[in-house]
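Have a look at start-v3.csv; it's CSV, C-alpha atoms and all ligand atoms:
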chain,number,residue,atom,x,y,z
A,100,MET,CA,90.1,110.3,114.4
A,101,THR,CA,89.6,112.9,111.6
A,102,ALA,CA,88.8,111.8,108.1
A,103,ASN,CA,91.9,113.7,106.8
A,104,LEU,CA,95.3,112.3,107.6
A,105,LEU,CA,96.8,115.6,106.4
A,106,SER,CA,95.4,119.1,106.2
A,107,VAL,CA,97.5,121.8,104.8
A,108,ARG,CA,96.3,125.3,105.6
A,109,ASP,CA,97.6,128.5,103.9
A,110,LEU,CA,101.1,127.1,103.6
A,111,LYS,CA,103.8,129.6,102.6
A,112,VAL,CA,107.3,128.7,101.7
A,113,SER,CA,110.0,131.2,100.5
A,114,TYR,CA,113.4,130.9,99.0
A,115,ARG,CA,116.1,133.5,99.8
A,116,VAL,CA,117.8,134.5,96.6
A,117,GLY,CA,120.4,137.3,96.6
A,118,ASN,CA,118.8,140.2,98.4
A,119,GLY,CA,115.3,139.2,97.6
A,120,HIS,CA,113.1,136.2,97.9
A,121,ILE,CA,110.8,133.9,95.9
A,122,ASP,CA,107.5,133.0,97.4
A,123,ALA,CA,107.4,129.6,95.8
A,124,VAL,CA,104.3,128.5,97.8
A,125,ASP,CA,102.0,131.3,98.6
A,126,GLY,CA,99.1,130.2,100.7
A,127,ALA,CA,98.4,126.6,99.6
A,128,SER,CA,95.5,124.7,101.3
A,129,PHE,CA,94.4,121.1,100.6
A,130,ASP,CA,93.5,117.9,102.3
A,131,VAL,CA,94.6,114.3,102.1
A,132,PRO,CA,91.9,111.9,103.3
A,133,ARG,CA,93.0,108.7,105.0
A,134,GLY,CA,93.5,105.8,102.5
A,135,SER,CA,93.6,108.0,99.4
A,136,ILE,CA,95.9,108.9,96.6
A,137,VAL,CA,96.1,112.6,96.0
A,138,GLY,CA,97.8,114.0,92.9
A,139,LEU,CA,99.6,117.3,93.2
A,140,VAL,CA,99.7,118.5,89.6
A,141,GLY,CA,101.0,121.5,87.6
A,142,GLU,CA,103.7,122.6,85.2
A,143,SER,CA,107.3,122.7,86.2
A,144,GLY,CA,108.0,125.5,88.6
A,145,CYS,CA,104.5,125.7,90.1
A,146,GLY,CA,105.8,124.8,93.6
A,147,LYS,CA,104.8,121.1,93.8
A,148,THR,CA,108.2,119.9,95.0
A,149,THR,CA,108.5,122.8,97.4
A,150,VAL,CA,105.1,121.8,99.0
A,151,ALA,CA,106.1,118.1,99.1
A,152,ARG,CA,109.4,118.8,100.7
A,153,ALA,CA,107.8,121.3,103.2
A,154,LEU,CA,105.5,118.5,104.4
A,155,THR,CA,108.6,116.5,105.5
A,156,ARG,CA,110.5,119.7,106.4
A,157,VAL,CA,113.4,118.5,104.4
A,158,ILE,CA,113.9,121.8,102.5
A,159,ALA,CA,116.8,123.6,100.8
A,160,ASP,CA,119.1,125.6,103.0
A,161,ASN,CA,117.8,128.9,101.6
A,162,ALA,CA,114.1,127.8,102.1
A,163,ARG,CA,111.9,128.7,105.0
A,164,ILE,CA,108.3,127.9,105.9
A,165,THR,CA,107.0,131.4,106.5
A,166,GLY,CA,103.4,130.6,107.3
A,167,GLY,CA,100.5,128.2,107.6
A,168,GLN,CA,99.8,124.9,109.2
A,169,ILE,CA,100.5,121.3,108.3
A,170,LEU,CA,98.1,119.2,110.3
A,171,PHE,CA,99.2,115.6,110.3
A,172,ASP,CA,97.0,113.3,112.3
A,173,GLY,CA,95.7,116.5,113.9
A,174,LYS,CA,99.1,117.8,115.0
A,175,ASP,CA,100.7,120.9,113.4
A,176,ILE,CA,104.0,119.5,112.2
A,177,ALA,CA,105.1,122.9,110.8
A,178,ALA,CA,105.4,124.0,114.5
A,179,ILE,CA,107.0,121.0,116.2
A,180,PRO,CA,110.7,121.0,117.2
A,181,GLU,CA,113.1,119.4,114.6
A,182,ARG,CA,113.8,116.4,117.0
A,183,GLN,CA,110.1,115.5,117.0
A,184,MET,CA,109.8,116.0,113.2
A,185,ASN,CA,112.8,113.7,112.7
A,186,ALA,CA,111.1,111.0,114.6
A,187,LEU,CA,108.2,111.2,112.2
A,188,ARG,CA,110.2,110.8,109.1
A,189,TRP,CA,110.3,107.3,107.6
A,190,ARG,CA,108.1,106.0,110.5
A,191,ASP,CA,105.0,108.2,109.7
A,192,ILE,CA,105.9,110.1,106.6
A,193,ALA,CA,108.1,108.7,103.9
A,194,PHE,CA,109.4,110.7,101.0
A,195,ILE,CA,110.4,109.3,97.6
A,196,PRO,CA,112.4,112.1,96.0
A,197,GLN,CA,112.4,113.1,92.4
A,198,SER,CA,114.6,110.6,90.4
A,199,ALA,CA,114.8,108.4,93.5
A,200,MET,CA,115.7,105.6,91.3
A,201,ASN,CA,119.0,107.3,90.5
A,202,SER,CA,119.6,108.4,94.0
A,203,LEU,CA,120.2,104.9,95.4
A,204,ASP,CA,123.9,104.7,96.5
A,205,PRO,CA,125.8,102.9,93.7
A,206,VAL,CA,128.4,101.6,96.2
A,207,TYR,CA,126.1,99.6,98.4
A,208,THR,CA,123.8,96.7,97.8
A,209,VAL,CA,120.1,97.5,98.0
A,210,GLU,CA,119.9,95.2,101.0
A,211,TYR,CA,122.5,97.3,102.8
A,212,GLN,CA,120.5,100.5,102.0
A,213,LEU,CA,117.3,99.0,103.2
A,214,ASN,CA,119.0,97.8,106.4
A,215,GLU,CA,120.3,101.3,107.1
A,216,VAL,CA,116.6,102.4,107.4
A,217,LEU,CA,115.3,99.3,109.1
A,218,ARG,CA,118.1,99.1,111.7
A,219,ARG,CA,119.1,102.7,112.3
A,220,ARG,CA,115.8,104.4,112.0
A,221,GLY,CA,113.5,101.5,112.9
A,222,GLY,CA,115.7,99.8,115.6
A,223,LEU,CA,115.1,96.3,114.1
A,224,SER,CA,117.5,93.5,115.0
A,225,ALA,CA,119.7,92.0,112.2
A,226,ARG,CA,117.3,89.0,111.9
A,227,GLU,CA,114.2,91.1,111.9
A,228,ALA,CA,115.7,93.4,109.3
A,229,ARG,CA,116.6,90.5,107.0
A,230,MET,CA,113.0,89.2,107.2
A,231,ARG,CA,111.6,92.6,106.6
A,232,CYS,CA,113.9,93.1,103.6
A,233,GLU,CA,112.5,89.9,102.1
A,234,SER,CA,108.9,90.8,102.7
A,235,LEU,CA,109.4,94.3,101.3
A,236,PHE,CA,110.9,92.9,98.1
A,237,GLU,CA,108.0,90.5,97.8
A,238,MET,CA,105.6,93.4,98.3
A,239,VAL,CA,107.1,95.3,95.4
A,240,GLY,CA,107.4,92.3,93.2
A,241,ILE,CA,111.1,91.7,93.1
A,242,GLU,CA,112.7,88.3,93.9
A,243,LYS,CA,114.4,88.3,97.3
A,244,GLY,CA,117.5,86.7,95.7
A,245,ARG,CA,118.2,90.2,94.2
A,246,LEU,CA,118.6,91.9,97.6
A,247,ARG,CA,122.3,91.5,97.3
A,248,ASP,CA,122.5,93.2,93.9
A,249,TYR,CA,123.8,96.7,93.4
A,250,PRO,CA,121.5,99.5,92.0
A,251,HIS,CA,123.1,99.4,88.6
A,252,GLN,CA,122.1,95.8,88.2
A,253,PHE,CA,118.4,96.8,88.2
A,254,SER,CA,116.4,98.4,85.4
A,255,GLY,CA,114.9,101.9,85.9
A,256,GLY,CA,111.5,100.4,86.8
A,257,MET,CA,113.0,98.0,89.2
A,258,ARG,CA,115.0,100.7,90.9
A,259,GLN,CA,111.8,102.7,91.3
A,260,ARG,CA,110.3,99.6,93.0
A,261,VAL,CA,113.3,99.5,95.3
A,262,ALA,CA,112.7,103.2,96.1
A,263,ILE,CA,109.1,102.3,97.0
A,264,ALA,CA,110.2,99.4,99.2
A,265,LEU,CA,112.6,101.8,100.9
A,266,ALA,CA,109.8,104.3,101.6
A,267,LEU,CA,107.5,101.5,102.9
A,268,ALA,CA,110.2,100.1,105.1
A,269,LEU,CA,108.9,101.4,108.5
A,270,ASN,CA,105.2,101.2,107.7
A,271,PRO,CA,104.5,104.9,107.2
A,272,LYS,CA,101.0,106.3,107.2
A,273,LEU,CA,101.8,108.8,104.4
A,274,VAL,CA,104.1,108.3,101.4
A,275,ILE,CA,105.0,111.3,99.3
A,276,ALA,CA,106.3,110.4,95.8
A,277,ASP,CA,107.8,113.2,93.7
A,278,GLU,CA,107.4,112.4,90.0
A,279,PRO,CA,107.8,108.6,90.6
A,280,VAL,CA,107.3,107.6,86.9
A,281,THR,CA,108.5,110.5,84.9
A,282,ALA,CA,111.7,109.0,83.5
A,283,LEU,CA,110.0,105.7,82.6
A,284,ASP,CA,108.4,104.4,79.4
A,285,VAL,CA,104.6,104.3,79.4
A,286,ILE,CA,104.3,100.5,80.0
A,287,VAL,CA,106.6,100.6,83.0
A,288,GLN,CA,104.9,103.7,84.2
A,289,ARG,CA,101.6,101.8,84.3
A,290,GLN,CA,103.2,98.8,86.1
A,291,ILE,CA,104.7,101.1,88.8
A,292,LEU,CA,101.4,103.0,89.2
A,293,ASP,CA,99.5,99.8,89.4
A,294,GLN,CA,101.9,98.5,92.0
A,295,LEU,CA,101.6,101.7,94.0
A,296,ARG,CA,97.8,101.5,94.0
A,297,GLU,CA,97.9,97.9,95.0
A,298,LEU,CA,100.2,98.6,98.0
A,299,GLN,CA,98.2,101.7,99.0
A,300,THR,CA,95.0,99.6,99.1
A,301,MET,CA,96.6,96.6,100.8
A,302,LEU,CA,98.3,98.8,103.5
A,303,GLY,CA,95.6,101.4,103.8
A,304,ILE,CA,98.1,104.2,103.6
A,305,SER,CA,97.7,107.6,102.0
A,306,VAL,CA,99.8,108.8,99.1
A,307,ILE,CA,100.6,112.2,97.7
A,308,LEU,CA,101.8,111.8,94.1
A,309,VAL,CA,103.6,114.8,92.6
A,310,THR,CA,103.4,115.0,88.9
A,311,HIS,CA,103.4,117.4,85.9
A,312,ASP,CA,101.3,114.9,84.0
A,313,ILE,CA,97.6,115.1,84.4
A,314,SER,CA,97.1,111.7,82.7
A,315,VAL,CA,99.0,110.1,85.6
A,316,VAL,CA,96.5,111.8,88.0
A,317,ALA,CA,93.6,110.5,85.9
A,318,TYR,CA,95.1,107.0,85.9
A,319,ILE,CA,95.7,106.5,89.6
A,320,CYS,CA,94.5,109.3,91.9
A,321,ASP,CA,91.4,109.6,94.0
A,322,ARG,CA,91.7,113.4,94.4
A,323,THR,CA,93.7,116.1,92.7
A,324,VAL,CA,95.2,119.4,93.7
A,325,VAL,CA,96.1,121.6,90.7
A,326,MET,CA,98.8,124.1,91.5
A,327,TYR,CA,99.7,127.2,89.5
A,328,ALA,CA,102.5,129.7,90.4
A,329,GLY,CA,102.6,128.7,94.1
A,330,ARG,CA,98.9,128.6,94.7
A,331,VAL,CA,96.1,126.1,94.5
A,332,ALA,CA,94.0,126.7,91.4
A,333,GLU,CA,91.6,123.9,91.8
A,334,ALA,CA,91.1,120.9,94.2
A,335,GLY,CA,88.7,118.1,94.7
A,336,PRO,CA,87.8,114.5,93.8
A,337,MET,CA,89.7,113.4,90.7
A,338,ALA,CA,86.7,112.6,88.6
A,339,GLY,CA,85.0,115.9,89.3
A,340,VAL,CA,88.0,118.0,88.7
A,341,LEU,CA,89.1,116.3,85.5
A,342,THR,CA,85.7,115.7,83.9
A,343,ARG,CA,84.2,119.0,85.0
A,344,PRO,CA,87.2,121.4,85.5
A,345,ALA,CA,86.2,124.8,86.6
A,346,HIS,CA,89.5,126.6,86.4
A,347,PRO,CA,90.8,127.5,82.9
A,348,TYR,CA,94.2,126.3,83.9
A,349,THR,CA,92.9,122.8,84.6
A,350,MET,CA,90.9,123.0,81.3
A,351,GLY,CA,94.1,123.8,79.5
A,352,LEU,CA,96.1,121.1,81.2
A,353,ARG,CA,93.5,118.6,80.2
A,354,ASN,CA,93.8,119.6,76.6
A,355,ALA,CA,97.6,119.3,76.8
A,356,PHE,CA,98.0,115.7,77.8
A,357,PRO,CA,97.0,112.4,76.0
A,358,ASP,CA,95.1,109.4,77.4
A,359,LEU,CA,92.5,111.2,79.4
A,360,ALA,CA,89.1,109.6,80.0
A,361,GLY,CA,86.7,111.9,78.2
A,362,ALA,CA,89.2,113.8,76.2
A,363,ALA,CA,87.3,113.6,73.0
A,364,SER,CA,89.3,115.2,70.2
A,365,GLY,CA,92.7,113.5,70.5
A,366,THR,CA,94.4,116.7,69.4
A,367,LEU,CA,96.8,118.0,72.0
A,368,THR,CA,96.9,121.7,72.6
A,369,PRO,CA,99.6,123.1,74.9
A,370,ILE,CA,98.9,126.2,76.9
A,371,ASP,CA,100.9,129.0,75.4
A,372,GLY,CA,103.5,130.9,77.5
A,373,ALA,CA,105.0,129.9,80.8
A,374,PRO,CA,104.2,130.3,84.5
A,375,PRO,CA,105.3,133.7,85.8
A,376,ASN,CA,108.5,134.6,87.5
A,377,LEU,CA,107.7,134.1,91.1
A,378,ALA,CA,110.2,136.8,92.1
A,379,GLU,CA,107.7,139.2,90.6
A,380,PRO,CA,104.3,137.5,90.2
A,381,PRO,CA,101.6,139.4,88.3
A,382,PRO,CA,98.9,141.1,90.5
A,383,GLY,CA,95.5,139.4,90.7
A,384,CYS,CA,95.1,135.9,89.3
A,385,ARG,CA,98.5,134.6,88.4
A,386,PHE,CA,97.1,132.7,85.4
A,387,ALA,CA,95.4,135.7,83.9
A,388,PRO,CA,98.2,136.6,81.5
A,389,ARG,CA,97.8,133.1,79.8
A,390,CYS,CA,94.1,132.7,80.3
A,391,PRO,CA,91.8,133.0,77.3
A,392,PHE,CA,88.9,133.9,79.6
A,393,SER,CA,90.5,136.7,81.7
A,394,ILE,CA,88.4,139.8,82.3
A,395,GLU,CA,89.4,143.0,84.0
A,396,VAL,CA,89.0,141.9,87.6
A,397,CYS,CA,91.4,139.0,87.0
A,398,SER,CA,94.4,141.2,86.6
A,399,THR,CA,93.7,143.2,89.8
A,400,GLU,CA,92.1,140.9,92.4
A,401,SER,CA,93.4,137.5,93.5
A,402,PRO,CA,90.4,135.1,93.4
A,403,PRO,CA,89.9,133.1,96.6
A,404,LEU,CA,89.8,129.3,96.6
A,405,ALA,CA,86.0,128.8,97.0
A,406,GLU,CA,83.8,125.7,97.1
A,407,ILE,CA,81.7,125.6,93.9
A,408,VAL,CA,80.1,122.2,94.7
A,409,PRO,CA,80.6,120.2,97.9
A,410,ASP,CA,84.3,119.2,98.2
A,411,HIS,CA,85.3,120.9,94.9
A,412,ARG,CA,87.2,124.2,95.3
A,413,VAL,CA,88.3,126.6,92.6
A,414,ALA,CA,90.2,129.9,92.6
A,415,CYS,CA,88.7,131.7,89.6
A,416,HIS,CA,86.6,134.8,89.3
A,417,ARG,CA,84.5,133.1,86.5
A,418,ALA,CA,84.0,129.8,88.3
A,419,SER,CA,80.2,130.2,88.1
A,420,GLU,CA,80.4,130.2,84.3
A,421,ALA,CA,82.5,127.0,84.2
A,422,PRO,CA,80.0,124.9,82.1
A,423,VAL,CA,80.1,127.4,79.3
A,424,LEU,CA,83.9,128.1,79.5
A,425,ARG,CA,84.5,124.3,79.4
A,426,GLU,CA,82.9,124.0,76.1
A,427,ILE,CA,84.8,126.9,74.7
A,428,ALA,CA,88.1,125.6,76.3
A,429,ALA,CA,87.6,122.3,74.5
A,430,ARG,CA,88.2,124.0,71.2
A,431,THR,CA,91.8,124.2,70.0
A,432,GLU,CA,91.3,127.6,68.5
A,433,THR,CA,90.4,129.1,71.9
A,434,TRP,CA,94.0,128.6,73.0
A,435,LEU,CA,95.6,129.3,69.6
A,436,ALA,CA,93.6,132.6,69.3
A,437,HIS,CA,94.9,133.6,72.7
A,438,ALA,CA,98.5,132.8,71.9
A,501,LIG,N1,116.6,126.2,96.2
A,501,LIG,C1,115.9,127.1,95.5
A,501,LIG,N2,116.3,128.4,95.6
A,501,LIG,C2,115.6,129.3,94.9
A,501,LIG,N3,114.5,129.1,94.2
A,501,LIG,C3,114.1,127.8,94.2
A,501,LIG,C4,114.8,126.7,94.8
A,501,LIG,N4,114.1,125.6,94.6
A,501,LIG,C5,113.0,125.9,93.8
A,501,LIG,N5,113.0,127.2,93.6
A,501,LIG,C6,112.0,128.0,92.8
A,501,LIG,O1,110.7,127.8,93.4
A,501,LIG,C7,109.7,127.7,92.5
A,501,LIG,C8,109.0,126.3,92.7
A,501,LIG,O2,109.9,125.3,92.4
A,501,LIG,P1,109.5,123.7,92.6
A,501,LIG,O3,110.6,122.9,92.3
A,501,LIG,O4,108.8,123.6,93.9
A,501,LIG,O5,108.4,123.6,91.5
A,501,LIG,P2,107.8,122.2,90.8
A,501,LIG,O6,106.4,122.5,90.4
A,501,LIG,O7,108.0,121.1,91.7
A,501,LIG,O8,108.7,122.1,89.5
A,501,LIG,P3,109.6,120.9,89.0
A,501,LIG,O9,108.6,119.8,88.6
A,501,LIG,O10,110.4,121.4,87.9
A,501,LIG,O11,110.4,120.5,90.2
A,501,LIG,C9,110.4,127.8,91.1
A,501,LIG,O12,110.3,129.1,90.7
A,501,LIG,C10,111.8,127.5,91.4
A,501,LIG,O13,112.7,128.1,90.5

Hey, can you dump this file as structure tokens for me?
Amino acid sequence: MTANLLSVRDLKVSYRVGNGHIDAVDGASFDVPRGSIVGLVGESGCGKTTVARALTRVIADNARITGGQILFDGKDIAAIPERQMNALRWRDIAFIPQSAMNSLDPVYTVEYQLNEVLRRRGGLSAREARMRCESLFEMVGIEKGRLRDYPHQFSGGMRQRVAIALALALNPKLVIADEPVTALDVIVQRQILDQLRELQTMLGISVILVTHDISVVAYICDRTVVMYAGRVAEAGPMAGVLTRPAHPYTMGLRNAFPDLAGAASGTLTPIDGAPPNLAEPPPGCRFAPRCPFSIEVCSTESPPLAEIVPDHRVACHRASEAPVLREIAARTETWLAHA
């Protein structure tokens, strides 16, 4: 048994648009060790959802996996027939889509919706399914008496718990949660994240948590994969990446969000500009046009994702200067002067 439940290698996903295409994921590589929570983080449009969906192969009609491997438990699930992939969904890999809490069917009770998964996908008998529904509700901290309620009778946080129960229904090894706490207030966010961590530890599963909010990663994740414009900018253990970021994009993200352990100043500085249009990405490093530290090579050559210390990888031409750049990046004027 390998230490990694999932290893993504050079994954490429394209969307067909008009006569052209958008390479939304352009060679992403990262690992998900067994029993860990991995945060996939980056601004909107960086390709996080596309990666998450590609892992389950539930992708948009105009999307196609054009390259790479998705090694799940040692098997390349990018290459297996759809029938085999379908058998893995829910049972081995469960996906909680963005705004899952609003995607529960308003017409049916939550018990009915849980039963659909348990009986149809899991083959449980009516009695087994009833017992499983009750234990799932207990696991996510909702009274079993509420199983017969309809989604609109639950608060946002409770609906997110139901979505988690649904994902855990068939004991998957990997749960992929896309922005699970984004629409919730901070207190409820914490409760849901605490719950997720508790369940992950209790069940020994792995979780990929997709978020634009680096403080969510700091709160709950063991590891982090920072994505920028369809590529991995930086990846490694959460503490290493967030306390000693080596990619200017990670340094910038860290300045842009509150509540980070070690974020001294308390002033929030957004990164000026926006990620590039992926239909026409800039040559070289895709972050170069927004980077206060870019030098000539950055706009001509794409930096490889290289290991700077064991288990910590960075795609930056200036990664060896990271300690100095970090100090400069911590100053607000660095980013303002560049704007
Ligand atoms: N169905 C689609 N057709 C064409 N382009 C798409 C489609 N879905 C996403 N894209 C494009 O692919 C890129 C990556 O989008 P994706 O949703 O994966 O990013 P993200 O980081 O998850 O952002 P968000 O948090 O806003 O969902 C974006 O440029 C987006 O516009």

Polymer residues at most 10 Å from region 205-207 of chain A, only C-alpha atoms, same-chain spacing of 4 or more positions, as number ranges by chain: A: 201, 211-212, 247-252

Best match for closeness to ligand LIG 501 (chain A) among A:Gly240, A:Gly146, A:Gly351, A:Pro196, counting all atoms listed in the file: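 Of all the options, A:Gly146 lies closest to ligand LIG 501 (chain A).
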
So that each row is one residue of chain A with an atom at most 8 Å from ligand LIG 501 (chain A), can you give its shortest atom pair and the distance in Å to one decimal, using only C-alpha atoms and all ligand atoms, rows by chain and rising number, as a tab-separated table?
residue	atom	partner	partner_atom	distance
A:Ser113	CA	A:LIG501	O1	7.9
A:Tyr114	CA	A:LIG501	C2	4.9
A:Arg115	CA	A:LIG501	C2	6.5
A:Val116	CA	A:LIG501	C2	5.9
A:His120	CA	A:LIG501	C2	7.9
A:Ile121	CA	A:LIG501	N3	6.3
A:Asp122	CA	A:LIG501	O1	7.3
A:Ala123	CA	A:LIG501	C7	4.4
A:Val124	CA	A:LIG501	C8	7.3
A:Val140	CA	A:LIG501	O6	7.8
A:Gly141	CA	A:LIG501	O6	6.2
A:Glu142	CA	A:LIG501	O6	5.9
A:Ser143	CA	A:LIG501	O8	3.6
A:Gly144	CA	A:LIG501	O5	3.5
A:Cys145	CA	A:LIG501	O6	3.7
A:Gly146	CA	A:LIG501	O4	3.2
A:Lys147	CA	A:LIG501	O7	3.8
A:Thr148	CA	A:LIG501	O7	3.5
A:Thr149	CA	A:LIG501	O4	3.6
A:Val150	CA	A:LIG501	O4	6.6
A:Ala159	CA	A:LIG501	N1	5.3
A:Asp160	CA	A:LIG501	N1	7.3
A:Asn161	CA	A:LIG501	N1	6.2
A:Ala162	CA	A:LIG501	N1	6.6
A:Gln197	CA	A:LIG501	O11	8.0
A:Glu278	CA	A:LIG501	O9	7.6
A:Val309	CA	A:LIG501	O7	7.7
A:Thr310	CA	A:LIG501	O9	7.1
A:His311	CA	A:LIG501	O9	6.3
A:Met326	CA	A:LIG501	O6	7.8
A:Ala328	CA	A:LIG501	C8	7.7
A:Gly329	CA	A:LIG501	C8	7.0
A:Asn376	CA	A:LIG501	O12	6.6
A:Leu377	CA	A:LIG501	O12	5.6
A:Ala378	CA	A:LIG501	O12	7.8

Gap from CA of Glu215 (chain A) to CA of Arg296 (chain A) - Å, one decimal: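 It comes out at 26.0 Å.
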
Straight-line distance linking CA of Val239 (chain A) with CA of Leu203 (chain A), stated in Å to one decimal: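 Between these atoms lies a distance of 16.2 Å.
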
Proximity to Asp312 (chain A) - best of A:Leu352, A:Leu235, A:Ala334, A:Ala282, all atoms listed in the file: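 Between A:Leu352, A:Leu235, A:Ala334, A:Ala282, the residue approaching Asp312 (chain A) most closely is A:Leu352.
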
Residue nearest Ser305 (chain A) among A:Arg322, A:Lys174, A:Arg229, A:Lys272 (counting only C-alpha atoms):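 Among A:Arg322, A:Lys174, A:Arg229, A:Lys272, it is A:Lys272 that comes nearest to Ser305 (chain A).
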
Interatomic distance (Å, one decimal) between CA of Ala373 (chain A) and CA of Ala428 (chain A):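 CA of Ala428 (chain A) lies at a distance of 18.0 Å from CA of Ala373 (chain A).
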
Distance query 12 Å from (105.6, 136.7, 106.5) using all atoms listed in the file, result as number ranges by chain: A: 109-113, 120, 122, 125-126, 163-167

Could you save the residues just selected, with C-alpha atoms, as a PDB file, in the frame of the given file?
ATOM      1  CA  ASP A 109      97.600 128.500 103.900  1.00  0.00           C
ATOM      2  CA  LEU A 110     101.100 127.100 103.600  1.00  0.00           C
ATOM      3  CA  LYS A 111     103.800 129.600 102.600  1.00  0.00           C
ATOM      4  CA  VAL A 112     107.300 128.700 101.700  1.00  0.00           C
ATOM      5  CA  SER A 113     110.000 131.200 100.500  1.00  0.00           C
ATOM      6  CA  HIS A 120     113.100 136.200  97.900  1.00  0.00           C
ATOM      7  CA  ASP A 122     107.500 133.000  97.400  1.00  0.00           C
ATOM      8  CA  ASP A 125     102.000 131.300  98.600  1.00  0.00           C
ATOM      9  CA  GLY A 126      99.100 130.200 100.700  1.00  0.00           C
ATOM     10  CA  ARG A 163     111.900 128.700 105.000  1.00  0.00           C
ATOM     11  CA  ILE A 164     108.300 127.900 105.900  1.00  0.00           C
ATOM     12  CA  THR A 165     107.000 131.400 106.500  1.00  0.00           C
ATOM     13  CA  GLY A 166     103.400 130.600 107.300  1.00  0.00           C
ATOM     14  CA  GLY A 167     100.500 128.200 107.600  1.00  0.00           C
TER      15      GLY A 167
END
